[in-house]
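Worksheet for the structure shown next.
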Amino acid sequence: MSNSDANTAVKVLLVDDDEDDAIITQALLQQSSVPRFEIDWVRSYDAGLTRLKEHHHDISLLDYNLGSRTGIDFLRAAHSDCQHAPIIMLTGQGNESLVLEALESGAIDYIPKRNISSENLQRAICHGMEKIRLQTELAAHQRELERTNHELKQRTDEIQRFYHLLAHELKTPLTAASEFVNILLEGIPGSLNTEQSEYLQLIQGCCGHLNRNINDLYEITRLETGKLSLDLQSEPLPNLIAEVLRYLRPKSQAKGISLQTSLAPNLPNVMMDAQRIRQVLLNLVGNALKFTDPTGRILVEACEDPLCPGRVRIGIQDTGVGIPQDQLNGIFERLYQVEDDPSGMSPGLGLGLFICREIVKLHKGTMSVTSTVGKGSIFCFTLPCA
Amino acid sequence: MGKNVLIIEDDENISKALEVRLNARGYQTSTAFDAIMGMQKASTTPPDAILLDITMPGGNGLTLAERLKASTKTQDVPILFLTASKQPELRQKAMAIGGAAFFEKPYAFDYLLAALRASIEHPNVALSL
């Protein structure tokens with residue numbers, strides 16, 4: 001009981017058909033000044049239930065023997081009304097199975113009549129009321145949490161729907177723009193001079209960049225709303241690596257960068273969502289291409305992880321500009337931006353590596369980087385063997 | 001005589017771009033801008049292949065594809081799906097209906113063309129890119 005209501009009387013309903021016992025209980029309660037008890041005594045089962053359901057009391061004291069009925073019958077009858085005051089059972093029987101039955105039937109505590117004293121009654125009543133107060137508070141918190149959780153889920157679904165719509169509405173005009181640039185580049189309406197082709201290729205590059213940003217924004221939303229799920233299958237890595245390198249080779253050749261692989265023989269299959277790991281490889285090798293100077297070299301390696309059996313380790317090593325040590329820790333963080341980007345290219349949204357790491361984590365793998373400025377970087381990730 | 005491709009796409013710009021690029025490669029094209037018009041055109045003169053957008057007014061492309069696959073006139077016409085939506089379940093649904101290929105926009109036209117050619121020559125092979 002808090003100090004603020006220490007002077008308020010605690011309203012006690014006493015249900016006891018034994019007049020002597022009831023008089024003793026009342027006398028013991030009246031010995032207490034803080035808290036002060038206001039006692040409402042009824043002698044019968046029916047009168048007790050009626051008064052209980054009026055909800056005028058803070059707590060009830062219930063005798064086990066109630067004529068032809070018992071306190072357990074009373075507790076069970078009271079059970080349907082969850083708003084009633086907490087009930088403490090007074091029992092002269094003192095056997096454990098009765099106590100258990102009383103507690104299971106809804107009593108919050110019990111006092112053997114042979115141990116009854118002013119202190120025991122006062123302590124049991126105060127503990128009982130505090131217990132109920134805490135239970136009520138807990139239930140209110142739980143309801144609040146459930147409500148908040150429901151609202152958050154609705155909000156998450158709304159955000160997800162918005163990003164679906166956004167991706168659709170941005171990609172539709174982007175596709176049209178990109179396609180008409182391609183039509184011009186193909187010379188379908190007429191031939192172009194070199195400068196015109198060059199400008200159109202710049203537009204095409206911008207369209208590609210915009211598309212990657214839309215994809216990253218969409219992916220990040222799926223990751224953060226827990227909607228990104230994997231379709232894990234036992235798959236061979238060499239095929240996927242070859243496919244990714246085949247896709248990126250025109251870019252590496254245009255830049256004069258050597259793109260090589262070193263794959264261990266008999267590499268076991270890994271458990272992966274091939275679409276997602278393709279995305280990781282495209283991002284990591286794409287970054288290596290971005291930050292490696294012409295005549296540089298990129299090597300994609302894969303072998304069983306010597307430090308962690310049961311895993312395959314994939315490494316992407318470049319001879320690029322490298323990353324300063326003080327930036328290595330933050331490189332996989334959301335919205336990370338390269339400081340003084342030596343490539344001179346647009347910094348992007350800073351989501352690519354974060355998305356890669358999260359995808360690898362969803363595969364129960366790890367991702368790491370080592371780097372030396374001026375010499376290059378090695379990005380590694382692991383995947384569990386199938 | 002070039003193969004006939006029906007483009008069912010509500011975005012007129014994308015539809016036009018597809019027509020221009022396909023025509024330049026010898027394909028004959030017709031267009032429909034919603035699902036109802038698409039069903040009518042496909043049923044009246046079944047094309048050799050259909051490029052079908054998924055999100056369209058007048059019913060979505062998946063529903064239209066189911067109807068096309070249920071019709072004896074169009075059941076064997078390969079359908080190549082296009083979508084600007086990134087909902088991952090669309091790909092599975094599209095391929096389950098019997099799509100010959102599935103492309104996210106912006107698509108790589110060379111791959112689209114290769115899939116179109118393959119689907120006309122080998123109608124029972126499905127691609128998902």
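Ligands are numbered from 1 in the order shown, chains are lettered A, B, ... in the order of the structure tokens, and residues start at 1 in each chain.
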
**Prompt:** Would you list which chain A residues are within 7 Å of chain B using only C-alpha atoms, as a count of residues only?
**Reply:** 11

**Message:** Give me, as an MDAnalysis selection string, the residues of chain B that a backbone DSSP run labels alpha helix (DSSP H).
**Reply:** chainID B and resid 12:24 35:44 61:70 88:97 109:121

**Message:** Between atom CA of A:Phe291 and atom CA of A:Asp305, what distance in Å does the model show, to one decimal?
**Reply:** 26.5 Å

**Message:** List as an MDAnalysis selection string the protein and nucleic acid residues near B:Glu121, meaning an atom at most 10 Å away when only C-alpha atoms are counted, but skip any in the same chain fewer than 6 places from it.
**Reply:** chainID B and resid 48 78 115

Only C-alpha atoms, please: the residues just picked out, written as a PDB file, in the first residue's frame.
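out-v5.pdb written:
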```pdb
ATOM      1  CA  ASP B  48       3.313 -16.771 -81.246  1.00  0.00           C
ATOM      2  CA  PRO B  78       4.201 -18.915 -74.394  1.00  0.00           C
ATOM      3  CA  ALA B 115      13.942 -15.892 -73.839  1.00  0.00           C
TER       4      ALA B 115
END
```

**Item:** Interatomic distance (Å, one decimal) between atom CA of A:Gly350 and atom CA of B:Tyr111
**Value:**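 Atom-to-atom, atom CA of A:Gly350 to atom CA of B:Tyr111, that is 29.3 Å.
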
**Asked** Can you tell me how far atom CA of A:Leu165 sits from atom CA of A:Leu351, in Å to one decimal?
**Response**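 Atom CA of A:Leu351 lies 20.3 Å from atom CA of A:Leu165.
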